[in-house]
Structures are given as structure tokens and as C-alpha cells.
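input_12.txt follows; it contains compact mmCIF, C-alpha atoms.
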# COMPACT_ATOMS: atom_id res chain seq x y z
CA MET P 147 4.36 -27.31 -2.37
CA THR P 148 5.57 -23.73 -2.67
CA HIS P 149 6.56 -22.38 -6.06
CA HIS P 150 9.15 -19.62 -6.24
CA ILE P 151 10.02 -17.40 -9.16
CA SER P 152 12.34 -14.40 -9.38
CA LEU P 153 12.77 -12.48 -12.63
CA ARG P 154 16.31 -12.23 -13.94
CA ALA P 155 17.64 -11.09 -17.29
CA ARG P 156 17.95 -14.05 -19.66
CA VAL P 157 21.33 -14.05 -21.41
CA LEU P 158 21.28 -15.37 -24.96
CA PRO P 159 24.23 -16.99 -26.72
CA VAL P 160 27.02 -14.56 -27.51
CA VAL P 161 27.20 -13.07 -31.00
CA ALA P 162 30.12 -11.64 -32.93
CA ALA P 163 30.22 -7.87 -33.39
CA ALA P 164 33.26 -6.26 -34.99
CA GLY P 165 35.28 -9.33 -34.01
CA ILE P 166 34.29 -9.10 -30.32
CA LEU P 167 32.03 -11.56 -28.52
CA VAL P 168 29.13 -9.57 -27.01
CA PRO P 169 26.53 -11.12 -24.66
CA VAL P 170 22.97 -10.24 -25.73
CA VAL P 171 20.42 -9.75 -22.95
CA ALA P 172 16.78 -10.56 -23.62
CA GLY P 173 14.85 -7.44 -24.52
CA ALA P 174 18.08 -5.55 -25.18
CA ALA P 175 17.70 -3.86 -21.79
CA PRO P 176 20.22 -1.18 -20.83
CA ALA P 177 22.97 -2.18 -18.42
CA SER P 178 21.28 -0.39 -15.50
CA ALA P 179 18.13 -2.49 -15.94
CA ALA P 180 20.09 -5.69 -15.35
CA THR P 181 20.78 -4.66 -11.75
CA ALA P 182 17.39 -3.05 -11.03
CA PRO P 183 15.22 -4.70 -8.38
CA GLN P 184 12.93 -7.35 -9.86
CA VAL P 185 9.52 -8.70 -8.90
CA SER P 186 9.79 -11.84 -6.76
CA CYS P 187 6.81 -14.09 -6.09
CA THR P 188 6.09 -17.34 -4.26
CA SER P 189 2.85 -19.29 -4.19
CA GLY P 190 1.31 -22.49 -2.96
CA LYS P 191 -0.72 -22.63 -6.19
CA ALA P 192 1.09 -24.01 -9.22
CA GLY P 193 1.82 -21.43 -11.91
CA LEU P 194 0.47 -18.45 -9.97
CA ALA P 195 3.85 -17.06 -8.89
CA THR P 196 5.12 -17.09 -12.48
CA LYS P 197 1.96 -15.43 -13.76
CA LEU P 198 1.93 -12.69 -11.14
CA GLN P 199 5.60 -11.95 -11.63
CA ARG P 200 5.23 -11.71 -15.37
CA ASP P 201 2.09 -9.57 -15.24
CA ILE P 202 3.29 -7.14 -12.56
CA THR P 203 6.56 -6.69 -14.45
CA ALA P 204 4.66 -6.03 -17.68
CA ALA P 205 2.35 -3.53 -15.98
CA LEU P 206 5.39 -1.54 -14.80
CA ALA P 207 7.32 -1.75 -18.07
CA GLY P 208 8.30 1.71 -19.23
CA ARG P 209 6.85 3.45 -16.18
CA ALA P 210 9.00 6.21 -14.73
CA GLY P 211 9.66 6.67 -11.02
CA THR P 212 10.34 4.18 -8.24
CA VAL P 213 7.62 1.65 -7.42
CA ALA P 214 7.39 -0.71 -4.45
CA VAL P 215 4.87 -3.56 -4.38
CA ASN P 216 3.88 -6.05 -1.69
CA VAL P 217 1.09 -8.58 -2.17
CA ARG P 218 -0.13 -11.28 0.25
CA ASP P 219 -2.91 -13.77 -0.47
CA ARG P 220 -3.76 -16.04 2.45
CA VAL P 221 -5.99 -18.39 0.44
CA THR P 222 -3.28 -19.50 -2.02
CA ASN P 223 -0.33 -18.73 0.27
CA THR P 224 0.98 -16.30 -2.32
CA SER P 225 3.27 -13.31 -1.88
CA CYS P 226 4.97 -10.90 -4.26
CA THR P 227 7.47 -8.18 -3.49
CA LEU P 228 9.31 -5.42 -5.32
CA ARG P 229 11.49 -2.90 -3.45
CA ALA P 230 9.69 -4.04 -0.30
CA THR P 231 12.17 -2.29 2.03
CA THR P 232 12.61 0.97 0.09
CA ALA P 233 11.54 3.98 2.20
CA TYR P 234 8.97 6.54 1.05
CA ASP P 235 7.29 9.62 2.52
CA SER P 236 3.96 8.27 3.73
CA ALA P 237 1.56 11.05 2.72
CA SER P 238 -1.98 10.19 3.88
CA VAL P 239 -1.60 6.41 4.08
CA VAL P 240 -0.12 6.99 7.54
CA LYS P 241 -3.62 7.86 8.70
CA VAL P 242 -4.37 4.15 9.08
CA THR P 243 -1.37 3.89 11.41
CA VAL P 244 -2.64 6.89 13.39
CA LEU P 245 -6.03 5.23 13.89
CA ALA P 246 -4.45 1.89 14.75
CA THR P 247 -2.29 3.64 17.35
CA LEU P 248 -5.34 5.33 18.84
CA LEU P 249 -7.16 1.99 19.15
CA TRP P 250 -4.08 0.18 20.47
CA ASP P 251 -3.62 2.85 23.15
CA ALA P 252 -7.31 2.73 24.08
CA LYS P 253 -7.07 -1.04 24.49
CA LYS P 254 -4.07 -0.62 26.81
CA HIS P 255 -6.17 1.67 29.01
CA ASN P 256 -9.26 -0.55 28.76
CA ARG P 257 -11.46 2.18 27.33
CA TYR P 258 -13.63 2.93 24.32
CA LEU P 259 -13.04 5.80 21.95
CA THR P 260 -14.84 8.98 22.89
CA ALA P 261 -17.51 10.40 20.59
CA ARG P 262 -15.06 13.13 19.57
CA GLU P 263 -12.32 10.60 18.78
CA SER P 264 -14.73 8.56 16.70
CA GLN P 265 -15.78 11.66 14.80
CA LEU P 266 -12.15 12.57 14.09
CA ALA P 267 -11.27 9.00 13.09
CA THR P 268 -14.16 8.80 10.65
CA ALA P 269 -13.21 12.07 9.00
CA MET P 270 -9.53 11.08 8.90
CA ILE P 271 -10.11 7.80 7.08
CA THR P 272 -13.24 8.24 4.99
CA LYS P 273 -12.47 11.79 3.82
CA SER P 274 -8.71 11.92 4.54
CA ASP P 275 -9.27 14.98 6.70
CA ASN P 276 -5.91 16.56 7.55
CA ALA P 277 -7.12 18.66 10.47
CA ALA P 278 -8.60 15.58 12.15
CA THR P 279 -5.33 13.73 11.63
CA THR P 280 -3.29 16.56 13.13
CA THR P 281 -5.56 16.65 16.19
CA LEU P 282 -5.17 12.91 16.80
CA TRP P 283 -1.42 12.98 16.05
CA LYS P 284 -0.92 15.70 18.66
CA GLN P 285 -3.14 13.90 21.17
CA LEU P 286 -1.20 10.65 20.82
CA GLY P 287 2.29 12.10 20.54
CA VAL P 288 5.20 10.48 18.74
CA THR P 289 6.06 8.28 21.74
CA LYS P 290 2.74 6.43 21.53
CA VAL P 291 3.03 6.12 17.75
CA LYS P 292 6.45 4.54 18.21
CA GLY P 293 5.00 2.24 20.84
CA PHE P 294 2.39 0.95 18.44
CA LEU P 295 4.96 0.53 15.66
CA ALA P 296 7.11 -1.58 17.97
CA ALA P 297 4.15 -3.72 19.04
CA ALA P 298 3.11 -4.15 15.39
CA GLY P 299 6.59 -5.14 14.25
CA MET P 300 6.69 -2.18 11.86
CA THR P 301 10.36 -1.73 12.63
CA LYS P 302 11.34 0.44 9.66
CA THR P 303 8.52 2.98 9.92
CA VAL P 304 9.79 6.31 11.28
CA PRO P 305 7.25 8.93 12.46
CA GLY P 306 7.53 12.34 10.83
CA SER P 307 9.11 15.01 13.01
CA GLY P 308 8.00 18.56 13.70
CA GLY P 309 4.33 17.63 13.38
CA TYR P 310 4.75 16.58 9.75
CA TRP P 311 2.96 13.25 10.06
CA GLY P 312 2.78 13.02 6.25
CA LEU P 313 6.56 12.73 6.15
CA THR P 314 6.55 9.54 8.20
CA ARG P 315 8.93 7.15 6.46
CA ILE P 316 7.28 3.88 5.45
CA ASN P 317 7.99 0.86 3.30
CA ALA P 318 5.82 -1.76 1.62
CA THR P 319 6.80 -4.51 4.07
CA ASP P 320 5.63 -2.54 7.09
CA GLU P 321 2.42 -1.49 5.33
CA GLN P 322 1.68 -5.15 4.68
CA ARG P 323 2.30 -5.90 8.36
CA LEU P 324 -0.28 -3.27 9.22
CA LEU P 325 -2.80 -4.73 6.77
CA SER P 326 -2.14 -8.20 8.18
CA LEU P 327 -2.97 -6.94 11.66
CA LEU P 328 -6.23 -5.51 10.37
CA THR P 329 -7.31 -8.66 8.54
CA ALA P 330 -6.47 -11.45 11.01
CA ARG P 331 -6.76 -11.96 14.77
CA ASN P 332 -3.76 -10.84 16.79
CA THR P 333 -2.75 -9.59 20.22
CA VAL P 334 -2.01 -6.02 19.13
CA LEU P 335 -5.49 -4.93 18.03
CA SER P 336 -8.78 -6.29 19.32
CA ASP P 337 -11.31 -7.83 16.95
CA ASN P 338 -13.57 -4.82 17.46
CA ALA P 339 -10.74 -2.43 16.68
CA ARG P 340 -9.84 -4.31 13.49
CA ALA P 341 -13.46 -4.33 12.36
CA TYR P 342 -13.75 -0.61 13.07
CA VAL P 343 -10.72 0.31 10.95
CA LEU P 344 -11.82 -1.93 8.08
CA LYS P 345 -15.33 -0.50 8.19
CA LEU P 346 -13.98 3.02 7.76
CA MET P 347 -11.59 1.94 4.98
CA ALA P 348 -14.53 0.32 3.18
CA ASN P 349 -16.47 3.58 3.33
CA VAL P 350 -13.93 5.95 1.82
CA VAL P 351 -15.68 8.58 -0.29
CA PRO P 352 -15.90 7.58 -4.00
CA SER P 353 -13.46 10.26 -5.18
CA GLN P 354 -10.79 8.73 -2.94
CA LYS P 355 -11.54 5.09 -3.76
CA TRP P 356 -8.86 4.78 -6.42
CA GLY P 357 -5.56 2.89 -6.51
CA THR P 358 -5.42 -0.69 -5.25
CA PRO P 359 -9.20 -1.33 -5.62
CA ALA P 360 -8.90 -0.94 -9.42
CA GLY P 361 -9.99 -4.20 -11.02
CA ALA P 362 -11.22 -5.81 -7.80
CA PRO P 363 -14.14 -8.21 -8.30
CA ALA P 364 -17.57 -7.40 -6.93
CA SER P 365 -17.33 -10.44 -4.63
CA VAL P 366 -14.80 -8.74 -2.32
CA THR P 367 -15.20 -5.86 0.07
CA LYS P 368 -12.69 -3.16 -0.84
CA HIS P 369 -10.85 -1.52 2.07
CA VAL P 370 -8.48 1.23 0.97
CA LYS P 371 -6.43 4.21 2.08
CA ASN P 372 -4.51 6.36 -0.36
CA GLY P 373 -2.17 9.30 -0.16
CA TRP P 374 -0.15 11.73 -2.21
CA LEU P 375 2.14 14.69 -1.76
CA GLN P 376 4.60 16.64 -3.86
CA ARG P 377 8.12 17.72 -2.94
CA ALA P 378 10.93 19.54 -4.71
CA THR P 379 12.92 16.32 -5.05
CA ARG P 380 11.55 13.04 -6.42
CA GLY P 381 8.32 14.68 -7.53
CA TRP P 382 4.97 13.25 -6.52
CA ARG P 383 4.67 10.51 -3.92
CA VAL P 384 1.49 8.53 -4.68
CA HIS P 385 0.54 5.49 -2.59
CA SER P 386 -2.33 3.06 -2.07
CA ILE P 387 -2.85 0.24 0.43
CA GLY P 388 -5.83 -2.09 0.30
CA ALA P 389 -7.37 -5.21 1.82
CA PHE P 390 -9.82 -7.38 -0.11
CA GLN P 391 -11.98 -9.98 1.61
CA GLY P 392 -15.09 -11.97 0.74
CA GLY P 393 -16.27 -14.53 -1.77
CA GLY P 394 -13.57 -16.94 -0.66
CA HIS P 395 -10.82 -14.35 -1.09
CA ASP P 396 -8.49 -12.78 1.47
CA TYR P 397 -5.59 -10.71 0.16
CA THR P 398 -3.82 -7.39 0.65
CA ILE P 399 -1.96 -5.08 -1.72
CA SER P 400 0.45 -2.23 -1.01
CA VAL P 401 1.84 -0.06 -3.82
CA LEU P 402 4.11 2.88 -3.00
CA THR P 403 5.55 5.20 -5.64
CA ASP P 404 7.65 8.33 -6.02
CA GLY P 405 9.39 10.13 -8.85
CA ASN P 406 6.04 10.69 -10.58
CA SER P 407 5.77 13.71 -12.87
CA THR P 408 2.14 14.27 -11.88
CA MET P 409 -0.33 12.93 -9.37
CA ASN P 410 -2.35 11.23 -12.11
CA TYR P 411 0.74 9.48 -13.45
CA GLY P 412 1.28 7.85 -10.06
CA VAL P 413 -2.40 6.87 -9.81
CA GLN P 414 -2.25 5.25 -13.25
CA THR P 415 0.87 3.28 -12.30
CA ILE P 416 -0.74 1.94 -9.13
CA GLN P 417 -3.94 1.01 -10.92
CA ALA P 418 -2.13 -0.76 -13.75
CA VAL P 419 -0.37 -2.98 -11.21
CA SER P 420 -3.49 -3.53 -9.12
CA LYS P 421 -5.62 -4.59 -12.08
CA VAL P 422 -3.30 -7.46 -13.01
CA ILE P 423 -2.99 -8.58 -9.39
CA HIS P 424 -6.77 -8.76 -8.97
CA ARG P 425 -7.11 -10.53 -12.31
CA ASP P 426 -4.52 -13.17 -11.43
CA LEU P 427 -5.83 -13.77 -7.89
CA THR P 428 -9.50 -13.86 -8.95
CA PRO P 429 -9.39 -15.25 -12.50
CA SER P 430 -13.00 -16.48 -12.56
CA ALA P 431 -14.55 -13.05 -11.93
CA ALA P 432 -16.29 -11.52 -14.91
CA ALA P 433 -14.68 -8.44 -16.40
CA SER P 434 -17.98 -6.59 -16.09
CA SER P 435 -17.98 -7.16 -12.32
CA ARG P 436 -14.60 -5.56 -11.70
CA TYR P 437 -14.31 -2.19 -10.00
CA THR P 438 -13.56 0.87 -12.10
CA PRO P 439 -12.31 3.83 -10.00
CA THR P 440 -13.25 7.43 -10.60
CA THR P 441 -11.54 9.21 -13.48
CA SER P 442 -11.14 12.25 -11.21
CA PRO P 443 -9.21 10.90 -8.20
CA ARG P 444 -8.93 13.10 -5.14
CA GLU P 445 -6.85 13.06 -1.97
CA ALA P 446 -5.91 15.50 0.75
CA TYR P 447 -2.77 17.58 0.08
CA VAL P 448 -0.37 16.95 2.94
CA ALA P 449 1.68 19.78 4.40
CA VAL P 450 5.44 19.61 3.91
CA PRO P 451 8.22 22.01 4.91
CA ARG P 452 8.96 24.81 2.49
CA GLY P 453 12.07 24.58 0.36

Structure translated into C-alpha cells:
Amino acid sequence: MTHHISLRARVLPVVAAAGILVPVVAGAAPASAATAPQVSCTSGKAGLATKLQRDITAALAGRAGTVAVNVRDRVTNTSCTLRATTAYDSASVVKVTVLATLLWDAKKHNRYLTARESQLATAMITKSDNAATTTLWKQLGVTKVKGFLAAAGMTKTVPGSGGYWGLTRINATDEQRLLSLLTARNTVLSDNARAYVLKLMANVVPSQKWGTPAGAPASVTKHVKNGWLQRATRGWRVHSIGAFQGGGHDYTISVLTDGNSTMNYGVQTIQAVSKVIHRDLTPSAAASSRYTPTTSPREAYVAVPRG
């Protein structure tokens, strides 16, 4: 049985005010909040959808900016979404797509990566090296990137133009499709390719292992790629995508944000959401076993056009 829950404002009985009947909304939320996108969850496990929806909503309460969330847990057949189709500048999370494209193209030509490609891929994912990314982006070309996106079903992802790969437009739904390809057998990426990407994502340097891993239990392997950039409009874009497998668990989390006043504000928002998701999906894990990210998060600054 699948349980579905979608948060909506609860309207209380009308009350008289100055002789006029006025509907009172729970929490006395402003009118704009009543039409804002809400967390929606489904689950094959009784009560889990309601709990996740409530906890994710609470974690985001009062947070500024625009946040998109997509969660998928294969074990309990659970999913949660918030602004899943809203587009964001990708920043460095697109680097996983670049590597997936490289491996997809190599498979098409029945070849292994060269030593140089492997070196660039390792630097791109584990250290978020921008120069390595630019080299691979130029080698592949936008046409091949689009080819991979089509094969992957990432239909709303639009590669950045003019060499600005960090301005690729992404959404949480497509990022979850990418994570699904990495964590289950498929015809787009070979098993070896999937294992290679996940291995690199599991070996991100500690200063960049923030975001979605926050609160993950020790029983899972944490695969992550983060990104941030700042623009004149909508402030800081701060994103994190992660896959968590092991100990009987198999789930993925994507959190995309913009409108952040600072980089750290975006990181804190992502980690607040991620902590409650991990807690709800792995309730038996001891608090002492849960991952605490660095207090000095780092990421590569992505180039953007001036002005």
C-alpha cells in the first residue's frame, strides 16, 4: 500500500472581526505562503510520508531563498519532492554529468578512459577542479553532453553556453534521474562506469564533503557532489546531491537552493533538510554514529559572465 501526503494550509472555522467573517489559516501564514509550493511525499511504509513531509517542512521554516528537494528511497518505496521542476544554475554539481557523459561516450566507442582522462575525472570530482572540468567539457563538446542528457532522460537540463558549464540549467528531478542511473543497473551507463563515478563521489576531499551527507549514519557509504556560485541576481546558488547505500539502505537526496545571502547560509539550509531526511529514513541509527560535516565547507568558485 502506498501512502500519500501533501501539505496544505489548514483552514480553521471562521471568526468574527469587526462584523466581518474572516477565515483563519493555521499558523497565521501570510497570503503568499498559502500558494507557495509545498513538500509532497509518498511511501510504501506507513507513516513515513507524513513524517518526512512534516520534518522537511519544519527544517525549511523561516529559511530565505528558494529551495528544491527530491528524495528517493528504494527500500521503502518513498519519494519526496519540493519545487522538483524549478530550474537553477548548476554550479559544480554539473561535474557529475560531465563525467557521466565522458563514460557514456566511451561506452559508445567501446573504449576505456585514457590515463589523462582518468586523472582529469578524479580531480574534477574529488577536488572539484575547474580546470579539469573545462578540459573535459571542451573535449566532449555540447553536442555530446546533450546526447547523454537525452539518453538519460534528463530532458530539462540545458548545458551552459559560451563555455560556462557552471551555468548549465538543472532541476531536482533531473538530478535524481542522474543519481538513479548511478545507483542501479541500466542501459545508459555500464556497471563499471557507475562504480567508477560512485567511487570518486565517495572520496571527495573532507572540506567538500558537506551538504546532503549531514546526518547520514555510519552504516551507509556517502557519495556526494556539491557546488556553489554567486551572481548579481538571486544571490548565492548552493547545491548538494548525494547517494547513500549500505547497511540495508539505498536512497538519494538532491537539494538545490538560490537566493541565499551567503554561501554558508545555503550550506546550513541544505544540511538542516538532509539531517531530518537521514533521521527519518534510518531511525535506528545512533546519534553518535551520524556524520558531522566540516564547519569550514569549501567548493570551487565557478566562473560566470561579468555584469

Problem - Which residue of P:Leu206, P:Val288, P:Ile271, P:Ala330 approaches P:Lys345 most closely, using only C-alpha atoms - result: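 Counting only C-alpha atoms, the residue closest to P:Lys345 is P:Ile271.
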
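Nearest residue to P:Gly381 among P:Thr280, P:Thr408, P:Gln265, P:Thr272 is P:Thr408, counting all atoms listed in the file.
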
Exercise for the section: For atom CA of P:Leu346 and atom CA of P:Ser430, quote the distance in Å rounded to one decimal. Expected result: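 Computing the Euclidean distance for atom CA of P:Leu346 and atom CA of P:Ser430 yields 28.2 Å.
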
Practice task
Check the smallest atom-to-atom distance from each of P:Pro429, P:Gly193, P:Gly211, P:Gly393 to P:Thr379 using all atoms listed in the file, then report the winner.
Solution key: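 Under the stated criterion, the closest residue is P:Gly211.
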
Problem - Distance of atom CA of P:Thr281 from atom CA of P:Leu245, expressed in Å to one decimal place - result: 11.7 Å

Handout entry: Option closest in space to P:Lys254, from P:Val334, P:Val366, P:Leu295, P:Met270 [counting all atoms listed in the file]
Key =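 The closest residue to P:Lys254 is P:Val334.
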
Exercise for the section: Select, from P:Lys197, P:Lys302, P:Arg323, P:His369, the residue with the minimum atom-to-atom distance to P:Thr231, counting only C-alpha atoms. Expected result: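 Of P:Lys197, P:Lys302, P:Arg323, P:His369, the one nearest P:Thr231 is P:Lys302, counting only C-alpha atoms.
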
Completion exercise
Using only C-alpha atoms, the best pick from P:Gln414, P:Val350, P:Lys284, P:Ala261 as closest to P:Gly308 would be P:Lys284

Exercise for the section: Would you kindly return, as a VMD selection string, each protein, DNA or RNA residue with an atom no farther than 12 Å from any atom of P:Cys226, considering only C-alpha atoms and excluding same-chain residues fewer than 2 positions away? Expected result: chain P and resid 149 to 153 184 to 189 194 to 203 214 to 219 223 to 224 228 to 230 318 to 319 322 397 to 401 419 423 427

Handout entry: Length of the atom CA of P:Thr303 to atom CA of P:Ala389 vector [Å]
Key =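 Computing the Euclidean distance for atom CA of P:Thr303 and atom CA of P:Ala389 yields 19.6 Å.
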
Please return, as a CSV table (one decimal) with C-alpha atoms, in the coordinates of the input, all polymer residues that have at least one atom within 12 Å of the point (-12.6, 1.7, 16.4); use all atoms listed in the file and the file's own coordinate frame.
chain,number,residue,atom,x,y,z
P,242,VAL,CA,-4.4,4.2,9.1
P,244,VAL,CA,-2.6,6.9,13.4
P,245,LEU,CA,-6.0,5.2,13.9
P,246,ALA,CA,-4.4,1.9,14.8
P,247,THR,CA,-2.3,3.6,17.4
P,248,LEU,CA,-5.3,5.3,18.8
P,249,LEU,CA,-7.2,2.0,19.2
P,250,TRP,CA,-4.1,0.2,20.5
P,251,ASP,CA,-3.6,2.8,23.2
P,252,ALA,CA,-7.3,2.7,24.1
P,253,LYS,CA,-7.1,-1.0,24.5
P,257,ARG,CA,-11.5,2.2,27.3
P,258,TYR,CA,-13.6,2.9,24.3
P,259,LEU,CA,-13.0,5.8,22.0
P,260,THR,CA,-14.8,9.0,22.9
P,261,ALA,CA,-17.5,10.4,20.6
P,263,GLU,CA,-12.3,10.6,18.8
P,264,SER,CA,-14.7,8.6,16.7
P,265,GLN,CA,-15.8,11.7,14.8
P,266,LEU,CA,-12.2,12.6,14.1
P,267,ALA,CA,-11.3,9.0,13.1
P,268,THR,CA,-14.2,8.8,10.6
P,271,ILE,CA,-10.1,7.8,7.1
P,328,LEU,CA,-6.2,-5.5,10.4
P,335,LEU,CA,-5.5,-4.9,18.0
P,336,SER,CA,-8.8,-6.3,19.3
P,337,ASP,CA,-11.3,-7.8,17.0
P,338,ASN,CA,-13.6,-4.8,17.5
P,339,ALA,CA,-10.7,-2.4,16.7
P,340,ARG,CA,-9.8,-4.3,13.5
P,341,ALA,CA,-13.5,-4.3,12.4
P,342,TYR,CA,-13.8,-0.6,13.1
P,343,VAL,CA,-10.7,0.3,11.0
P,344,LEU,CA,-11.8,-1.9,8.1
P,345,LYS,CA,-15.3,-0.5,8.2
P,346,LEU,CA,-14.0,3.0,7.8
P,347,MET,CA,-11.6,1.9,5.0

Practice task
Please identify all polymer residues within 9 Å of stretch 359-361 of chain P, counting all atoms listed in the file, omitting same-chain residues fewer than 6 positions from it, and present them as a ChimeraX atom specification.
Solution key: /P:368-370,386-390,416-425,433,435-439
